[in-house]
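K.L.:
Let me give you the structure first, and then I'll get to my questions.
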Amino acid sequence: VHLVQSGGGMVQSGGSLRLSCAAPRLITSTFWNSVMGWYRQAPGKERELVASISRGGAADYADFVRGRFTISRNSSRKILYLQMNGLKPEDTAVYYCHFQGTDSGWGQGTQVTVAGGWGQGTQVTVAA
């Protein structure tokens with residue numbers, strides 16, 4: 001399954017981004033009758049499910065994004081979306097869309113970077 005992602009980039013903490021995932025080679029009915037989802041993978045961490053949408057259009061979210069992210073799809077255009085609001089630095093990751101029908105496939109990945117939050121700290125010592 002050929003999936004093409006777009007969107008993403010860098011945003012300040014509290015900002016918004018929208019990711020898109022197009023499936024231009026699928027027929028509309030195949031696109032509609034599938035389970036699709038968004039996953040993310042941060043450096044050094046495993047890939048995790050962010051949100052999914054069922055064949056009937058029911059959406060489900062991971063607790064860490066519920067109330068901030070919205071998954072949707074436009075079946076006539078064959079595009080899956082992820083609207084991300086209230087972004088936090090811990091949302092920084094590469095985001096992947098996934099299609100699960102008769103066949104399955106992954107998008108190429110899109111980097112999302114959320115700036116802000118605290119630095120790691122720097123020790124300053126003044127000698128007497």
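Every chain in the structure tokens takes a letter, A first, then B, and so on in the order presented; its residues are numbered from 1, and the ligands are numbered from 1 following the presented order.
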With DSSP run on the backbone, what are the helix (DSSP H, G or I) residues within chain A? I'd like them as a count of residues only.
P.N.:
8
K.L.:
Report the residues of chain A whose backbone DSSP state falls under strand (DSSP E or B), written as a ChimeraX atom specification.
P.N.:
/A:4-7,9-12,17-22,35-41,48-53,59-61,69-74,79-84,93-100,104-106,110-115
K.L.:
Neighbours of stretch 44-46 of chain A within 12 Å (only C-alpha atoms; same-chain residues fewer than 6 positions away dropped), as a PyMOL selection string?
P.N.:
chain A and resi 90+92-94
K.L.:
Select, from A:Arg25, A:Arg47, A:Lys88, A:His2, the residue with the minimum atom-to-atom distance to A:Phe69, counting only C-alpha atoms.
P.N.:
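Ranking A:Arg25, A:Arg47, A:Lys88, A:His2 by distance to A:Phe69, first place goes to A:Lys88.
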K.L.:
Which is closer to A:Arg18 than all the others in A:Phe99, A:Phe64, A:Trp106, A:Trp38, using only C-alpha atoms?
P.N.:
A:Trp38
K.L.:
One number please: atom CA of A:Phe31 to atom CA of A:Met10, in Å, one decimal.
P.N.:
29.4 Å
K.L.:
With distances taken over only C-alpha atoms, which of A:Asn85, A:Ser76, A:Asn33, A:Ser54 is nearest to A:Gly14?
P.N.:
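For A:Gly14, the nearest of the given residues is A:Asn85.
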K.L.:
Between A:Thr113, A:Gln100, A:Gln12, A:Thr28, which has the minimum distance to A:Ala42 (counting only C-alpha atoms)?
P.N.:
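The answer is A:Thr113, which sits nearest to A:Ala42.
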K.L.:
Quick one: of A:Gly8, A:Ile53, A:Gly109, A:His98, who's nearest to A:Asn74, counting only C-alpha atoms?
P.N.:
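Checking each of A:Gly8, A:Ile53, A:Gly109, A:His98 against A:Asn74, counting only C-alpha atoms, the winner is A:Ile53.
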K.L.:
Point out the residue among A:Leu80, A:Val11, A:Ala128, A:Leu17 with the least atom-to-atom distance to A:Ala115, counting only C-alpha atoms.
P.N.:
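Counting only C-alpha atoms, the residue closest to A:Ala115 is A:Val11.
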K.L.:
What is the distance, in Å and to one decimal place, between atom CA of A:Gln5 and atom CA of A:Tyr95?
P.N.:
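Separating atom CA of A:Gln5 from atom CA of A:Tyr95 is a distance of 9.2 Å.
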K.L.:
Can you pull out the residues contacting A:Ala51? Cut-off 9 Å, using only C-alpha atoms, and skip same-chain residues under 3 positions away; I want them as a PyMOL selection string.
P.N.:
chain A and resi 36-39+59-62+65-66+69-71+82
K.L.:
What's the separation between atom CA of A:Ser29 and atom CA of A:Asp103, in Å to one decimal place?
P.N.:
13.8 Å
